[in-house]
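Before any comments, here is the structure.
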Amino acid sequence: MKVTRAQIVDGAYELLRERGLSSLSMRRLALDLGVQPGALYYHVANKQELLAVVAARVLADFPASPADPRSAAQDLRTALLRVRDGAEVVSFVQAYRPDVLAPTRALNRLFAERFGARQAEWAARTIVHYVLGFVAEEQNRAELVRARIVDDEPARERESGEAFLFGVDAILNGLTGS
């Protein structure tokens with residue numbers, strides 16, 4: 001059976017959504033797609049490239065032109081929470097190829113109006129790092145609940161959105177001096 005790049009990305013995305021990053025290997029993906037692992041490397045050079053395209057898929061619904069940094073942070077959180085270990089995957093790609101991530105580019109543009117180019121980049125990275133860390137903690141907590149290592153705390157989940165926005169606002173107020 002021949003496999004396409006789109007099938008590989010779709011398969012990796014679904015594997016990530018269903019089982020998480022620890023289950024996403026080239027060997028496992030090839031098995032799920034019914035091909036030899038070598039067939040994958042015709043379309044993606046390595047697992048790092050695969051994660052970069054999967055991260056782009058995780059962020060596919062992120063708006064190209066968010067209204068403001070606060071809504072961009074909320075949109076990023078929403079996109080990450082849709083996919084199991086989404087924050088971990090995007091965090092890896094942020095380190096590996098930060099230029100490919102839509103949220104960083106969009107936030108950079110939003111901050112460019114207020115700061116110089118270098119400071120706009122730093123401000124964008126600050127927001128992205130905060131969101132990635134916050135969501136990673138939420139997703140790790142969800143894994144612990146799923147594994148029955150800790151009890152589910154509905155109150156904590158309800159407050160999560162408020163706590164998230166409190167942090168975003170604190171960062172933005174510090175950046176803008178408000």
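Starting from 1 in every chain, residues are counted up; chains themselves are A, B, ... following the order of the structure tokens, and ligands are numbered from 1 as listed.
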
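Those residues that approach Asn140 in chain A to within 10 Å, counting only C-alpha atoms, are A:Arg84, A:Asp85, A:Ala87, A:Glu88, A:Val135, A:Val145, A:Arg146; same-chain residues fewer than 5 positions away are not listed.
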
The selected residues should be written to file as a PDB file, in the first residue's frame (atoms: all heavy atoms).
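In the end it all went to part-v7.pdb:
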ATOM      1  N   ARG A  84      -4.595  15.831  22.908  1.00  0.00           N
ATOM      2  CA  ARG A  84      -3.830  15.268  24.017  1.00  0.00           C
ATOM      3  C   ARG A  84      -2.345  15.562  23.802  1.00  0.00           C
ATOM      4  O   ARG A  84      -1.809  15.338  22.719  1.00  0.00           O
ATOM      5  CB  ARG A  84      -4.076  13.768  24.041  1.00  0.00           C
ATOM      6  CG  ARG A  84      -3.680  13.082  25.285  1.00  0.00           C
ATOM      7  CD  ARG A  84      -4.276  11.699  25.249  1.00  0.00           C
ATOM      8  NE  ARG A  84      -3.801  10.891  26.349  1.00  0.00           N
ATOM      9  CZ  ARG A  84      -4.225   9.668  26.576  1.00  0.00           C
ATOM     10  NH1 ARG A  84      -5.130   9.118  25.800  1.00  0.00           N
ATOM     11  NH2 ARG A  84      -3.767   9.001  27.592  1.00  0.00           N
ATOM     12  N   ASP A  85      -1.690  16.091  24.801  1.00  0.00           N
ATOM     13  CA  ASP A  85      -0.276  16.474  24.751  1.00  0.00           C
ATOM     14  C   ASP A  85       0.013  17.549  23.707  1.00  0.00           C
ATOM     15  O   ASP A  85       1.150  17.712  23.261  1.00  0.00           O
ATOM     16  CB  ASP A  85       0.628  15.259  24.508  1.00  0.00           C
ATOM     17  CG  ASP A  85       0.557  14.238  25.631  1.00  0.00           C
ATOM     18  OD1 ASP A  85       0.314  14.635  26.787  1.00  0.00           O
ATOM     19  OD2 ASP A  85       0.734  13.034  25.357  1.00  0.00           O
ATOM     20  N   ALA A  87       0.229  20.735  24.070  1.00  0.00           N
ATOM     21  CA  ALA A  87       1.207  21.707  24.561  1.00  0.00           C
ATOM     22  C   ALA A  87       2.628  21.166  24.464  1.00  0.00           C
ATOM     23  O   ALA A  87       3.559  21.896  24.115  1.00  0.00           O
ATOM     24  CB  ALA A  87       0.893  22.101  26.003  1.00  0.00           C
ATOM     25  N   GLU A  88       2.798  19.892  24.756  1.00  0.00           N
ATOM     26  CA  GLU A  88       4.135  19.297  24.695  1.00  0.00           C
ATOM     27  C   GLU A  88       4.659  19.275  23.262  1.00  0.00           C
ATOM     28  O   GLU A  88       5.829  19.580  23.012  1.00  0.00           O
ATOM     29  CB  GLU A  88       4.113  17.888  25.283  1.00  0.00           C
ATOM     30  CG  GLU A  88       5.485  17.305  25.497  1.00  0.00           C
ATOM     31  CD  GLU A  88       5.466  15.965  26.205  1.00  0.00           C
ATOM     32  OE1 GLU A  88       4.432  15.565  26.755  1.00  0.00           O
ATOM     33  OE2 GLU A  88       6.523  15.322  26.203  1.00  0.00           O
ATOM     34  N   VAL A 135      -1.024  25.210  29.821  1.00  0.00           N
ATOM     35  CA  VAL A 135      -1.750  24.092  29.215  1.00  0.00           C
ATOM     36  C   VAL A 135      -1.046  22.770  29.489  1.00  0.00           C
ATOM     37  O   VAL A 135      -1.697  21.751  29.731  1.00  0.00           O
ATOM     38  CB  VAL A 135      -1.968  24.317  27.705  1.00  0.00           C
ATOM     39  CG1 VAL A 135      -2.590  23.092  27.046  1.00  0.00           C
ATOM     40  CG2 VAL A 135      -2.861  25.538  27.479  1.00  0.00           C
ATOM     41  N   VAL A 145      -5.355  12.218  36.244  1.00  0.00           N
ATOM     42  CA  VAL A 145      -6.737  11.844  36.565  1.00  0.00           C
ATOM     43  C   VAL A 145      -7.121  10.604  35.767  1.00  0.00           C
ATOM     44  O   VAL A 145      -7.707   9.658  36.315  1.00  0.00           O
ATOM     45  CB  VAL A 145      -7.706  13.018  36.280  1.00  0.00           C
ATOM     46  CG1 VAL A 145      -9.163  12.563  36.340  1.00  0.00           C
ATOM     47  CG2 VAL A 145      -7.461  14.166  37.258  1.00  0.00           C
ATOM     48  N   ARG A 146      -6.782  10.582  34.466  1.00  0.00           N
ATOM     49  CA  ARG A 146      -7.097   9.428  33.619  1.00  0.00           C
ATOM     50  C   ARG A 146      -6.468   8.146  34.148  1.00  0.00           C
ATOM     51  O   ARG A 146      -7.061   7.086  34.109  1.00  0.00           O
ATOM     52  CB  ARG A 146      -6.583   9.696  32.191  1.00  0.00           C
ATOM     53  CG  ARG A 146      -7.591   9.452  31.117  1.00  0.00           C
ATOM     54  CD  ARG A 146      -7.083   9.652  29.699  1.00  0.00           C
ATOM     55  NE  ARG A 146      -6.166  10.701  29.390  1.00  0.00           N
ATOM     56  CZ  ARG A 146      -6.493  11.967  29.103  1.00  0.00           C
ATOM     57  NH1 ARG A 146      -7.743  12.336  29.100  1.00  0.00           N
ATOM     58  NH2 ARG A 146      -5.570  12.850  28.807  1.00  0.00           N
TER      59      ARG A 146
END

* Select from chain A everything DSSP, run on the backbone, classes as alpha helix (DSSP H), then give the selection as a VMD selection string. => chain A and resid 5 to 19 26 to 33 37 to 40 47 to 58 69 to 81 86 to 96 102 to 112 117 to 146 154 to 176

Give me the residues within 9 Å of range 69-82 of chain A as a compact mmCIF listing (two decimals) with N, CA and C atoms, in the first residue's frame, counting only C-alpha atoms and dropping any in the same chain fewer than 5 places off.
# COMPACT_ATOMS: atom_id res chain seq x y z
N ARG A 17 -3.99 12.44 19.32
CA ARG A 17 -5.26 12.75 20.00
C ARG A 17 -5.75 11.59 20.85
N VAL A 58 -2.28 20.94 14.79
CA VAL A 58 -2.87 21.26 16.09
C VAL A 58 -3.31 22.72 16.11
N LEU A 59 -2.52 23.58 15.48
CA LEU A 59 -2.77 25.01 15.49
C LEU A 59 -3.54 25.50 14.27
N ALA A 60 -4.08 24.58 13.49
CA ALA A 60 -4.74 24.94 12.24
C ALA A 60 -5.88 25.94 12.42
N ASP A 61 -6.58 25.88 13.54
CA ASP A 61 -7.72 26.77 13.76
C ASP A 61 -7.32 28.11 14.40
N PHE A 62 -6.04 28.27 14.69
CA PHE A 62 -5.59 29.54 15.27
C PHE A 62 -5.78 30.63 14.22
N PRO A 63 -6.43 31.74 14.58
CA PRO A 63 -6.69 32.78 13.58
C PRO A 63 -5.41 33.44 13.06
N ALA A 87 0.23 20.73 24.07
CA ALA A 87 1.21 21.71 24.56
C ALA A 87 2.63 21.17 24.46
N VAL A 90 3.70 21.24 20.69
CA VAL A 90 3.95 22.61 20.23
C VAL A 90 5.16 23.21 20.94
N PRO A 103 0.98 31.14 16.07
CA PRO A 103 0.76 32.05 17.21
C PRO A 103 1.93 32.98 17.48
N ALA A 106 1.87 35.67 14.79
CA ALA A 106 0.74 36.58 14.96
C ALA A 106 0.96 37.52 16.15
N LEU A 107 1.42 36.97 17.26
CA LEU A 107 1.69 37.82 18.43
C LEU A 107 2.82 38.80 18.15
N LEU A 110 1.30 41.67 16.46
CA LEU A 110 0.51 42.49 17.38
C LEU A 110 1.40 43.37 18.26
N PHE A 111 2.50 42.83 18.72
CA PHE A 111 3.40 43.60 19.59
C PHE A 111 4.30 44.55 18.81
N ALA A 124 6.11 38.29 22.37
CA ALA A 124 5.36 37.16 21.78
C ALA A 124 5.79 35.85 22.43
N ILE A 127 4.34 35.39 26.01
CA ILE A 127 2.94 34.95 26.02
C ILE A 127 2.85 33.48 25.62
N VAL A 128 3.54 33.09 24.55
CA VAL A 128 3.49 31.70 24.09
C VAL A 128 4.02 30.77 25.17
N TYR A 130 4.05 31.22 28.41
CA TYR A 130 3.07 31.15 29.49
C TYR A 130 1.94 30.18 29.12
N VAL A 131 1.40 30.35 27.92
CA VAL A 131 0.28 29.49 27.49
C VAL A 131 0.72 28.03 27.44
N LEU A 132 1.88 27.77 26.86
CA LEU A 132 2.37 26.39 26.77
C LEU A 132 2.53 25.78 28.16
N PHE A 134 1.06 26.70 31.02
CA PHE A 134 -0.23 26.55 31.69
C PHE A 134 -0.98 25.33 31.15
N VAL A 135 -1.02 25.21 29.82
CA VAL A 135 -1.75 24.09 29.22
C VAL A 135 -1.05 22.77 29.49
N ALA A 136 0.28 22.77 29.49
CA ALA A 136 1.01 21.53 29.81
C ALA A 136 0.61 21.04 31.20
N GLU A 138 -2.23 21.68 32.74
CA GLU A 138 -3.61 21.18 32.64
C GLU A 138 -3.65 19.78 32.02
N GLN A 139 -2.87 19.58 30.97
CA GLN A 139 -2.87 18.29 30.29
C GLN A 139 -2.19 17.22 31.12
N PHE A 164 -6.13 31.15 34.16
CA PHE A 164 -5.38 31.38 32.94
C PHE A 164 -5.43 32.84 32.53
N LEU A 165 -6.63 33.41 32.49
CA LEU A 165 -6.77 34.81 32.08
C LEU A 165 -6.15 35.77 33.08
N VAL A 168 -2.55 35.80 32.02
CA VAL A 168 -2.38 36.54 30.76
C VAL A 168 -2.47 38.04 31.02
N ASP A 169 -3.49 38.44 31.78
CA ASP A 169 -3.65 39.86 32.08
C ASP A 169 -2.47 40.42 32.87
N LEU A 172 0.33 40.87 30.34
CA LEU A 172 0.05 41.98 29.41
C LEU A 172 0.11 43.33 30.12

* To do: Could you check how far CA of Leu16 in chain A sits from CA of Ile149 in chain A, in Å to one decimal?
  => 21.3 Å

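Among A:Met1, A:Leu144, A:Ala120, A:Ala30, the residue with the shortest atom-to-atom distance to Thr176 in chain A, counting only C-alpha atoms, is A:Ala120.
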
Could you build a table of the residues in range 72-119 of chain A lying no more than 10 Å from range 38-52 of chain A, giving for each the nearest pair of atoms and their separation in Å rounded to one decimal place, using only C-alpha atoms, ordered by chain and ascending residue number, as CSV?
residue,atom,partner,partner_atom,distance
A:Val89,CA,A:Leu51,CA,6.6
A:Val90,CA,A:Ala52,CA,7.8
A:Phe92,CA,A:Leu51,CA,8.1
A:Val93,CA,A:Ala52,CA,5.6
A:Gln94,CA,A:Ala52,CA,9.0
A:Tyr96,CA,A:Gln48,CA,7.9
A:Arg97,CA,A:Ala52,CA,7.6
A:Pro98,CA,A:Ala52,CA,9.7
A:Val100,CA,A:Ala52,CA,7.9
A:Leu101,CA,A:Ala52,CA,8.7

Please produce an output containing all heavy atoms for each residue in the selection, written as a PDB file, in the first residue's frame.
ATOM      1  N   VAL A  89       3.815  18.928  22.325  1.00  0.00           N
ATOM      2  CA  VAL A  89       4.222  18.886  20.917  1.00  0.00           C
ATOM      3  C   VAL A  89       4.576  20.285  20.424  1.00  0.00           C
ATOM      4  O   VAL A  89       5.630  20.505  19.822  1.00  0.00           O
ATOM      5  CB  VAL A  89       3.121  18.258  20.034  1.00  0.00           C
ATOM      6  CG1 VAL A  89       3.445  18.416  18.554  1.00  0.00           C
ATOM      7  CG2 VAL A  89       2.941  16.796  20.386  1.00  0.00           C
ATOM      8  N   VAL A  90       3.704  21.244  20.690  1.00  0.00           N
ATOM      9  CA  VAL A  90       3.949  22.606  20.230  1.00  0.00           C
ATOM     10  C   VAL A  90       5.161  23.209  20.937  1.00  0.00           C
ATOM     11  O   VAL A  90       5.947  23.930  20.323  1.00  0.00           O
ATOM     12  CB  VAL A  90       2.679  23.472  20.383  1.00  0.00           C
ATOM     13  CG1 VAL A  90       2.973  24.943  20.108  1.00  0.00           C
ATOM     14  CG2 VAL A  90       1.587  22.955  19.447  1.00  0.00           C
ATOM     15  N   PHE A  92       7.807  21.566  21.909  1.00  0.00           N
ATOM     16  CA  PHE A  92       8.979  21.014  21.223  1.00  0.00           C
ATOM     17  C   PHE A  92       9.252  21.768  19.923  1.00  0.00           C
ATOM     18  O   PHE A  92      10.388  22.160  19.633  1.00  0.00           O
ATOM     19  CB  PHE A  92       8.796  19.516  20.923  1.00  0.00           C
ATOM     20  CG  PHE A  92       9.838  19.010  19.984  1.00  0.00           C
ATOM     21  CD1 PHE A  92      11.116  18.732  20.432  1.00  0.00           C
ATOM     22  CD2 PHE A  92       9.558  18.864  18.630  1.00  0.00           C
ATOM     23  CE1 PHE A  92      12.101  18.318  19.555  1.00  0.00           C
ATOM     24  CE2 PHE A  92      10.538  18.445  17.738  1.00  0.00           C
ATOM     25  CZ  PHE A  92      11.809  18.165  18.203  1.00  0.00           C
ATOM     26  N   VAL A  93       8.204  21.992  19.146  1.00  0.00           N
ATOM     27  CA  VAL A  93       8.387  22.665  17.860  1.00  0.00           C
ATOM     28  C   VAL A  93       8.787  24.121  18.075  1.00  0.00           C
ATOM     29  O   VAL A  93       9.552  24.675  17.287  1.00  0.00           O
ATOM     30  CB  VAL A  93       7.127  22.526  16.979  1.00  0.00           C
ATOM     31  CG1 VAL A  93       7.262  23.314  15.677  1.00  0.00           C
ATOM     32  CG2 VAL A  93       6.876  21.050  16.677  1.00  0.00           C
ATOM     33  N   GLN A  94       8.316  24.730  19.156  1.00  0.00           N
ATOM     34  CA  GLN A  94       8.733  26.099  19.479  1.00  0.00           C
ATOM     35  C   GLN A  94      10.249  26.159  19.652  1.00  0.00           C
ATOM     36  O   GLN A  94      10.890  27.107  19.226  1.00  0.00           O
ATOM     37  CB  GLN A  94       8.022  26.583  20.752  1.00  0.00           C
ATOM     38  CG  GLN A  94       8.409  27.964  21.220  1.00  0.00           C
ATOM     39  CD  GLN A  94       7.924  29.078  20.316  1.00  0.00           C
ATOM     40  OE1 GLN A  94       6.996  28.904  19.539  1.00  0.00           O
ATOM     41  NE2 GLN A  94       8.555  30.226  20.408  1.00  0.00           N
ATOM     42  N   TYR A  96      12.372  23.768  18.355  1.00  0.00           N
ATOM     43  CA  TYR A  96      12.976  23.209  17.148  1.00  0.00           C
ATOM     44  C   TYR A  96      12.909  24.167  15.957  1.00  0.00           C
ATOM     45  O   TYR A  96      13.914  24.388  15.284  1.00  0.00           O
ATOM     46  CB  TYR A  96      12.267  21.893  16.823  1.00  0.00           C
ATOM     47  CG  TYR A  96      12.666  21.202  15.549  1.00  0.00           C
ATOM     48  CD1 TYR A  96      13.976  20.805  15.308  1.00  0.00           C
ATOM     49  CD2 TYR A  96      11.711  20.922  14.574  1.00  0.00           C
ATOM     50  CE1 TYR A  96      14.330  20.158  14.136  1.00  0.00           C
ATOM     51  CE2 TYR A  96      12.055  20.271  13.404  1.00  0.00           C
ATOM     52  CZ  TYR A  96      13.363  19.889  13.186  1.00  0.00           C
ATOM     53  OH  TYR A  96      13.701  19.249  12.024  1.00  0.00           O
ATOM     54  N   ARG A  97      11.730  24.706  15.696  1.00  0.00           N
ATOM     55  CA  ARG A  97      11.541  25.599  14.545  1.00  0.00           C
ATOM     56  C   ARG A  97      10.519  26.674  14.898  1.00  0.00           C
ATOM     57  O   ARG A  97       9.391  26.643  14.416  1.00  0.00           O
ATOM     58  CB  ARG A  97      11.074  24.790  13.344  1.00  0.00           C
ATOM     59  CG  ARG A  97      12.137  23.834  12.848  1.00  0.00           C
ATOM     60  CD  ARG A  97      11.841  23.199  11.522  1.00  0.00           C
ATOM     61  NE  ARG A  97      11.500  24.165  10.503  1.00  0.00           N
ATOM     62  CZ  ARG A  97      10.686  23.874   9.481  1.00  0.00           C
ATOM     63  NH1 ARG A  97      10.169  22.681   9.359  1.00  0.00           N
ATOM     64  NH2 ARG A  97      10.405  24.778   8.588  1.00  0.00           N
ATOM     65  N   PRO A  98      10.891  27.638  15.743  1.00  0.00           N
ATOM     66  CA  PRO A  98       9.924  28.631  16.216  1.00  0.00           C
ATOM     67  C   PRO A  98       9.317  29.475  15.100  1.00  0.00           C
ATOM     68  O   PRO A  98       8.217  29.989  15.238  1.00  0.00           O
ATOM     69  CB  PRO A  98      10.740  29.497  17.176  1.00  0.00           C
ATOM     70  CG  PRO A  98      12.160  29.261  16.812  1.00  0.00           C
ATOM     71  CD  PRO A  98      12.225  27.867  16.255  1.00  0.00           C
ATOM     72  N   VAL A 100       7.955  28.533  12.424  1.00  0.00           N
ATOM     73  CA  VAL A 100       6.824  27.913  11.720  1.00  0.00           C
ATOM     74  C   VAL A 100       5.510  28.025  12.480  1.00  0.00           C
ATOM     75  O   VAL A 100       4.468  27.696  11.932  1.00  0.00           O
ATOM     76  CB  VAL A 100       7.089  26.419  11.385  1.00  0.00           C
ATOM     77  CG1 VAL A 100       8.347  26.261  10.575  1.00  0.00           C
ATOM     78  CG2 VAL A 100       7.118  25.562  12.624  1.00  0.00           C
ATOM     79  N   LEU A 101       5.527  28.472  13.699  1.00  0.00           N
ATOM     80  CA  LEU A 101       4.310  28.480  14.510  1.00  0.00           C
ATOM     81  C   LEU A 101       3.510  29.778  14.330  1.00  0.00           C
ATOM     82  O   LEU A 101       4.002  30.869  14.591  1.00  0.00           O
ATOM     83  CB  LEU A 101       4.647  28.270  15.980  1.00  0.00           C
ATOM     84  CG  LEU A 101       5.272  26.911  16.304  1.00  0.00           C
ATOM     85  CD1 LEU A 101       5.615  26.823  17.773  1.00  0.00           C
ATOM     86  CD2 LEU A 101       4.335  25.774  15.899  1.00  0.00           C
TER      87      LEU A 101
END

Please identify all polymer residues within 7 Å of range 3-13 of chain A, counting only C-alpha atoms, omitting same-chain residues fewer than 5 positions from it, and present them as a PDB file with C-alpha atoms, in the first residue's frame.
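Saved result, result30.pdb, follows:
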ATOM      1  CA  LEU A  24       3.569   8.474  18.723  1.00  0.00           C
ATOM      2  CA  LEU A  29       2.500   5.144  12.992  1.00  0.00           C
ATOM      3  CA  HIS A  43       7.441  12.019   3.016  1.00  0.00           C
ATOM      4  CA  VAL A  53       3.689  19.342  10.692  1.00  0.00           C
ATOM      5  CA  VAL A  54       1.513  17.817  13.418  1.00  0.00           C
TER       6      VAL A  54
END

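For the residues A:Val83, A:Ser65, A:Arg141, A:Gly133, ranking by smallest atom-to-atom distance to Thr104 in chain A using only C-alpha atoms places A:Ser65 first.
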
* **Interatomic distance, CA of Asp68 in chain A to CA of Arg109 in chain A (Å, one decimal)** => 10.0 Å

* **Nearest-residue call for Glu14 in chain A, choices A:Lys2, A:Phe115, A:Gly86, A:Gly34, using only C-alpha atoms** => A:Gly86

* To do: Pick out the closest residue to Asn108 in chain A from this set: A:Arg148, A:Ala95, A:Glu137, A:Ala64. Count only C-alpha atoms.
  =>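 Selected residue with least distance to Asn108 in chain A: A:Ala64.
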